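Okay, structure first, notes after.
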Amino acid sequence: MHVTDFIVIGGGIAGISAAAHLARQGTVVVLEAEAQHGYHSTGRSAAIFVRNYGNETLRTLNAASAPVLETPEGISDSSLLSPRGEVMVATEEELPVFEDYMAGSSGLERLSAQQVLELIPMMRPDRIAGAMIEWEAQDIDVDRMLSGYLRQLRHAGGTLVTKARVKEMRRAEGVWTVEAGGQRYQAPVVVNAAGGWAGAVGDMAGGVAVPLTPYRRSAAIVPGPVGADVMAWPMVCSANETWYAKPEVGKLMVSPADEDPVEPHDVWAEDMVLAEGIHRFEQMVTLEVTRVEHSWAGMRSFVPDRSPVVGFDPQAEGLFWLAGQGGYGVQTAPALAALTEALVTGSDPGLAAPILSALTPHRFIKD
C-alpha cells in the first residue's frame with residue numbers, strides 16, 4: 001500500500017502541472033495509464049498560445065497563465081513562448097462569424113487581403129473577404145513545459161508512476177483507495193485529470209454525472225511551397241474553424257479542425273477526414289498538397305458549455321475534477337494548476353466568483 005496526501009490520475013500537462021503545485025503541500029503520486037507521460041492530448045497539441053481563444057472563462061484563464069508562460073520560474077530558465085502570430089481569414093460566407101469574433105476579442109488588427117498575402121505568400125487574396133491578425137499569438141514549447149513541471153514535481157518529492165491504469169476506486173473513513181497497475185494507493189484527495197477518460201474515472205468514483213465527450217482532432221505534416229521560408233509565417237485559420245495551418249519544422253501542419261465524438265482511446269487520423277480538410281485548405285491557397293508526410297490525431301474533451309471542469313465533486317467526497325479542457329489544456333495549465341492548489345488547500349484562488357462558478361462541477365447537479 002502506497003500512502004500519500006494526493007493522488008493525481010493522469011500524466012498529461014494538466015495532471016503533471018497540478019501535481020507539481022500540490023507537491024508543495026504534501027506527498028503526491030501521479031498515476032499515468034500509458035508507458036509515457038503526456039502521451040495523448042499533450043503530446044499531440046498544436047502548441048500555440050492564443051489569448052482570444054475560447055469563451056470568456058477560458059480567456060480569463062489564458063490571461064492568468066500568460067505571466068507563467070512568459071516567465072516560467074522554476075519550470076524553465078527562459079520563456080516558454082516564441083513569436084508566431086495568428087491570422088484568421090474569412091470568405092464572404094464566413095463574414096458574420098468573423099465579425100462576431102472581432103467584436104468579442106481584443107488586441108486584434110484587421111488586415112487587407114494584400115497584407116495577408118505579404119505575410120503568407122501562398123494565400124489566395126481573391127478568396128479573402130475579411131482578415132485579421134493576433135500578433136500576440138505565440139508558439140508554446142510544450143516539451144520543455146511538461147518536463148519542467150515534472151522536474152518540479154520530483155524535486156518536491158512527488159512520484160510519477162506509468163503503466164498504472166486505474167481499475168478500481170473506493171472511499172472509506174475519509175480515504176480513497178485506488179487500484180492501478182497492480183498496486184494500491186491511498187490518499188484523502190484524488191485529482192481526476194484523466195483527459196478523455198475523466199468521465200469514466202468520475203463514474204468509477206461515484207461522482208456527479210459530468211457530460212464529458214472526447215472529440216477527435218486530426219493533423220498532418222505536408223511540404224510547404226518550394227523555396228519558401230514557412231517558419232517566418234504566422235499560423236492561419238478559417239473563421240468557421242474548418243481548417244488551420246501552422247509552420248512546423250520547416251513544413252506545414254494542416255488540420256481539418258475536425259471534432260468528431262469518439263470513445264476514449266488511442267485515436268488516429270481518418271484518411272477521408274484529413275483529405276476533406278486539406279481540400280478546404282487548398283481552396284484558400286495556391287499550394288497543391290501532393291503528399292502527406294505524417295498524420296496523427298488527438299482527443300479534445302469538452303462538456304456542453306465548453307468551459308473546463310475544476311473543483312471538488314458534490315457527491316464523491318475528496319474527488320477533485322480537473323477535466324474538460326478541450327483544446328485549451330496546454331495554454332491554461334499554469335492557471336488551472338495554481339487554481340487546483342488553491343481550491344484543494346482552501347486558499348485564495350485569485351479568480352472572480354463568476355469564473356469559479358463557471359468551472360465548478362456543481363453546475364452539473366440536476367434540479
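Naming works like this for the C-alpha cells: A, B, ... for the chains as they're shown, residue 1 at the start of each chain, ligands 1 onward in shown order.
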Those of region 267-348 of chain A in DSSP helix (DSSP H, G or I), formatted as a PyMOL selection string: chain A and resi 271-282+326-345
Atoms kept (C-alpha atoms) for selection, written as a tab-separated table (two decimals), in the first residue's frame:
chain	number	residue	atom	x	y	z
A	271	ASP	CA	-7.88	9.44	-44.23
A	272	MET	CA	-11.17	10.83	-45.54
A	273	VAL	CA	-11.42	13.44	-42.78
A	274	LEU	CA	-7.87	14.58	-43.50
A	275	ALA	CA	-8.48	14.66	-47.24
A	276	GLU	CA	-11.60	16.80	-46.83
A	277	GLY	CA	-9.79	19.22	-44.53
A	278	ILE	CA	-6.80	19.52	-46.83
A	279	HIS	CA	-9.19	20.20	-49.71
A	280	ARG	CA	-10.79	23.07	-47.75
A	281	PHE	CA	-7.30	24.42	-47.06
A	282	GLU	CA	-6.33	24.15	-50.73
A	326	GLY	CA	-10.80	20.80	-24.69
A	327	GLY	CA	-8.19	22.32	-26.97
A	328	TYR	CA	-7.06	24.78	-24.30
A	329	GLY	CA	-5.29	22.39	-21.93
A	330	VAL	CA	-1.70	23.43	-22.53
A	331	GLN	CA	-2.26	27.17	-22.51
A	332	THR	CA	-4.49	27.11	-19.42
A	333	ALA	CA	-2.40	24.59	-17.44
A	334	PRO	CA	-0.47	27.16	-15.35
A	335	ALA	CA	-3.67	28.89	-14.24
A	336	LEU	CA	-5.55	25.66	-13.55
A	337	ALA	CA	-2.62	24.12	-11.67
A	338	ALA	CA	-2.49	27.14	-9.36
A	339	LEU	CA	-6.27	27.05	-9.00
A	340	THR	CA	-6.18	23.36	-8.10
A	341	GLU	CA	-3.67	24.01	-5.34
A	342	ALA	CA	-5.75	26.90	-4.00
A	343	LEU	CA	-9.06	25.04	-4.00
A	344	VAL	CA	-7.61	21.86	-2.51
A	345	THR	CA	-5.92	23.78	0.32
Met253 (chain A) environment, 10 Å, only C-alpha atoms, sequence neighbours closer than 4 positions dropped, as a ChimeraX atom specification: /A:46,219-224,235,244-249,292,294-295
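Here the strand (DSSP E) residues in region 53-129 of chain A, by DSSP on the backbone, are Leu81, Ser82, Pro83, Glu86, Val87, Met88, Val89, Ala90, Glu109 and Arg110 of chain A.
For the choices A:Ile48, A:Met284, A:Cys237, A:Thr57, the atom-to-atom distance to Ser357 (chain A) is smallest for A:Thr57 when using only C-alpha atoms.
When only C-alpha atoms are used to measure the gap to Ser82 (chain A), the shortest distance among A:Ala232, A:Ala164, A:Val3, A:Ala63 belongs to A:Ala232.
Checking A:Leu108, A:Leu153, A:Ile75, A:Ile128 one by one against Gln25 (chain A), counting only C-alpha atoms, you find the shortest gap at A:Leu153.
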Who sits within 8 Å of Phe364 (chain A), only C-alpha atoms, same chain under 3 positions skipped, as a list in words: Val208, Ala209, Val210 and Pro361 of chain A
Restricted to all heavy atoms, what would the selected residues look like written as a short mmCIF file (atom, residue, chain, number, x, y, z; two decimals), in the first residue's frame?
data_model
loop_
_atom_site.label_atom_id
_atom_site.label_comp_id
_atom_site.auth_asym_id
_atom_site.auth_seq_id
_atom_site.Cartn_x
_atom_site.Cartn_y
_atom_site.Cartn_z
N VAL A 208 -20.54 13.03 -9.56
CA VAL A 208 -21.64 13.61 -10.31
C VAL A 208 -21.46 13.27 -11.79
O VAL A 208 -20.34 13.10 -12.27
CB VAL A 208 -21.69 15.14 -10.10
CG1 VAL A 208 -20.50 15.84 -10.76
CG2 VAL A 208 -23.00 15.73 -10.62
N ALA A 209 -22.57 13.16 -12.51
CA ALA A 209 -22.52 12.80 -13.93
C ALA A 209 -22.10 14.02 -14.74
O ALA A 209 -22.92 14.89 -15.07
CB ALA A 209 -23.88 12.29 -14.39
N VAL A 210 -20.82 14.11 -15.03
CA VAL A 210 -20.30 15.21 -15.85
C VAL A 210 -20.42 14.80 -17.32
O VAL A 210 -19.86 13.78 -17.72
CB VAL A 210 -18.83 15.51 -15.50
CG1 VAL A 210 -18.22 16.50 -16.48
CG2 VAL A 210 -18.73 16.04 -14.07
N PRO A 361 -17.79 21.65 -10.84
CA PRO A 361 -18.64 20.52 -11.22
C PRO A 361 -20.02 20.56 -10.60
O PRO A 361 -20.92 19.83 -11.02
CB PRO A 361 -17.85 19.30 -10.71
CG PRO A 361 -16.91 19.83 -9.68
CD PRO A 361 -16.58 21.23 -10.09
#
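Between Thr213 (chain A) and the residues A:Val303, A:Arg184, A:Met132, A:Val226, the shortest atom-to-atom distance, using only C-alpha atoms, involves A:Val303.
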6 Å contact set for region 93-107 of chain A, only C-alpha atoms, chain neighbours under 2 positions out, as a list in words: Asn52, Ala90, Thr91 and Ala239 of chain A
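Note that the spacing between CA of Met231 (chain A) and CA of Ser79 (chain A) amounts to 18.9 Å.
The spacing separating CA of Val30 (chain A) from CA of Gly318 (chain A) amounts to 16.0 Å.
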